[in-house]
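One structure is given below, encoded as structure tokens.
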Amino acid sequence: MATTASDLQQLKQNLRRVWMAGNFGKIAEHSAKGAAEFVSRLNIPSGARVLDVACGTGNTAIPAARAGAQVTGVDIAPNLLEQARARAAAEKLNIVFQEGDAEQLPHKNGEFDWVVTMFGAMFAPRPEVVAAELARVCRKGGTIAMANWTPEGFVGKTFRLMSKHVPPPPGVPAPVLWGDEDLLKGRLGNYCSKISATRRVLDMRYPFPPAEVVAFFREYFGPTQMAFARLDTTAQAALAADLEKLWQENNQGSNGETRAAAEFLEVLAVRD
């Protein structure tokens with residue numbers, strides 16, 4: 001983990017560049033249905049104050065607003081927020097989207113009834129700080145809801161493969177550890193005594209074969225794009241081949257389609 005304030009600032013700047021790279025909106029289109037289903041299961045009441053942390057292009061914020069919640073979304077990447085605002089405007093939804101860091105949320109203590117994050121806050125480098133911030137802005141009796149990729153699932157396998165080719169920053173815990181139920185309860189347990197976790201599956205579906213899926217992520221998904229950029233031509237070819245093999249081994253699709261079942265942990269934690 002970064003040992004000085006300047007090291008941490010540099011790490012944050014690098015993360016911001018990573019998430020601004022590519023065009024995450026293209027990636028998010030393929031998980032929008034799963035995000036809407038996640039929000040539907042939460043049964044957020046109309047009028048509830050909701051904060052969507054690391055909201056990206058609005059996949060979670062938008063269905064919450066459709067259901068009548070008062071939604072604020074926060075993300076580290078301003079270009080993703082621009083896409084989120086455009087999507088909300090197209091549906092005439094009144095959502096506030098703000099630039100901000102999951103480790104230093106620009107909100108008051110207890111400001112929200114629901115604090116939600118789907119495949120988002122898990123990527124911040126200091127999980128204990130994230131847990132404290134999620135709890136800080138959630139009112140007593142409110143709910144923290146998370147969807148986190150599991151270490152054992154397909155996305156967890158992808159991250160492990162990527163880290164073999166491009167090592168992550170030293171000292172930064174793997175994001176998928178948020179999908180380990182015991183570790184998650186340890187992180188949130190200081191703030192929430194009632195925590196439930198359910199394993200669910202997101203259907204990752206693409207209308208083209210695995211090799212094109214790899215190319216798709218390489219073009220549009222910032223972390224993949226930036227990882228390839230750190231490698232020479234030979235190493236890039238090796239990484240692409242390993243990723244294609246992983247998609248092929250986990251492909252449940254047919255007729256040129258690629259489908260992978262991506263396991264995640266769905267978490268509900270009531271703020272003490």
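Each chain in the structure tokens gets a letter, A, B and so on, in the order shown; residues start at 1 in every chain, and ligands are counted from 1 in the order they appear.
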
*Skip Asn94 in chain A itself and residues of its chain fewer than 4 positions away, then list as a list in words all residues within 9 Å of it, counting only C-alpha atoms.*
Ala65, Gln70, Val71, Ala88 and Ala89 of chain A

_alpha helix (DSSP H) call set, DSSP backbone run, range 61-231 of chain A, as a PyMOL selection string_ = chain A and resi 61-66+78-90+127-136+154-165+181-188+210-220+222-229

*Name the residues of range 40-214 of chain A that come out as strand (DSSP E) in a backbone DSSP run; write them as a ChimeraX atom specification.*
/A:49-53,70-75,96-99,112-118,138-149,194-206

Output C-alpha atoms for every residue in that selection, as a short mmCIF file (atom, residue, chain, number, x, y, z; two decimals), in the first residue's frame.
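Writing done, so here's selection01.cif:
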```cif
data_model
loop_
_atom_site.label_atom_id
_atom_site.label_comp_id
_atom_site.auth_asym_id
_atom_site.auth_seq_id
_atom_site.Cartn_x
_atom_site.Cartn_y
_atom_site.Cartn_z
CA ARG A 49 -32.36 8.83 -0.24
CA VAL A 50 -29.90 6.65 -2.18
CA LEU A 51 -26.18 7.09 -2.77
CA ASP A 52 -24.66 5.02 -5.59
CA VAL A 53 -20.91 4.82 -4.90
CA GLN A 70 -33.92 10.30 -4.61
CA VAL A 71 -30.59 9.27 -6.10
CA THR A 72 -27.10 10.69 -5.98
CA GLY A 73 -24.27 9.02 -7.88
CA VAL A 74 -20.57 9.55 -7.23
CA ASP A 75 -17.61 8.36 -9.29
CA VAL A 96 -27.39 14.21 -9.03
CA PHE A 97 -24.05 12.91 -10.35
CA GLN A 98 -20.89 14.12 -8.61
CA GLU A 99 -17.19 13.50 -9.00
CA PHE A 112 -28.56 8.54 2.99
CA ASP A 113 -31.07 5.79 3.72
CA TRP A 114 -29.36 3.45 1.25
CA VAL A 115 -25.70 3.34 0.22
CA VAL A 116 -25.33 1.12 -2.82
CA THR A 117 -22.35 0.00 -4.88
CA MET A 118 -22.25 -2.58 -7.66
CA CYS A 138 -25.50 5.84 5.85
CA ARG A 139 -28.01 6.75 8.55
CA LYS A 140 -28.52 4.49 11.54
CA GLY A 141 -30.97 1.78 10.52
CA GLY A 142 -30.19 2.40 6.86
CA THR A 143 -28.80 -0.22 4.51
CA ILE A 144 -25.47 -0.68 2.78
CA ALA A 145 -25.94 -2.83 -0.33
CA MET A 146 -23.01 -4.19 -2.32
CA ALA A 147 -22.49 -6.45 -5.32
CA ASN A 148 -18.89 -7.70 -5.38
CA TRP A 149 -17.21 -10.20 -7.70
CA LYS A 194 -26.88 -7.54 10.71
CA ILE A 195 -25.14 -8.58 7.49
CA SER A 196 -26.47 -11.03 4.90
CA ALA A 197 -24.59 -12.28 1.83
CA THR A 198 -25.99 -14.26 -1.09
CA ARG A 199 -24.05 -15.69 -4.02
CA ARG A 200 -25.60 -14.77 -7.34
CA VAL A 201 -24.62 -14.99 -11.00
CA LEU A 202 -24.46 -12.30 -13.65
CA ASP A 203 -24.97 -13.60 -17.17
CA MET A 204 -22.17 -12.04 -19.25
CA ARG A 205 -23.35 -12.33 -22.85
CA TYR A 206 -21.75 -11.08 -26.05
#
```

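Proximity ranking of A:Arg85, A:Lys92, A:Arg136, A:Arg41 relative to Asn109 in chain A places A:Arg136 first, based on only C-alpha atoms.
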
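Take the candidates A:Ala261, A:Met226, A:Val39, A:Met20 and check each one against Met162 in chain A using only C-alpha atoms; the shortest distance goes to A:Met226.
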
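Considering the residues A:Phe264, A:Asn59, A:Leu80, A:Asn250 and counting only C-alpha atoms, His30 in chain A has its shortest atom-to-atom contact with A:Asn59.
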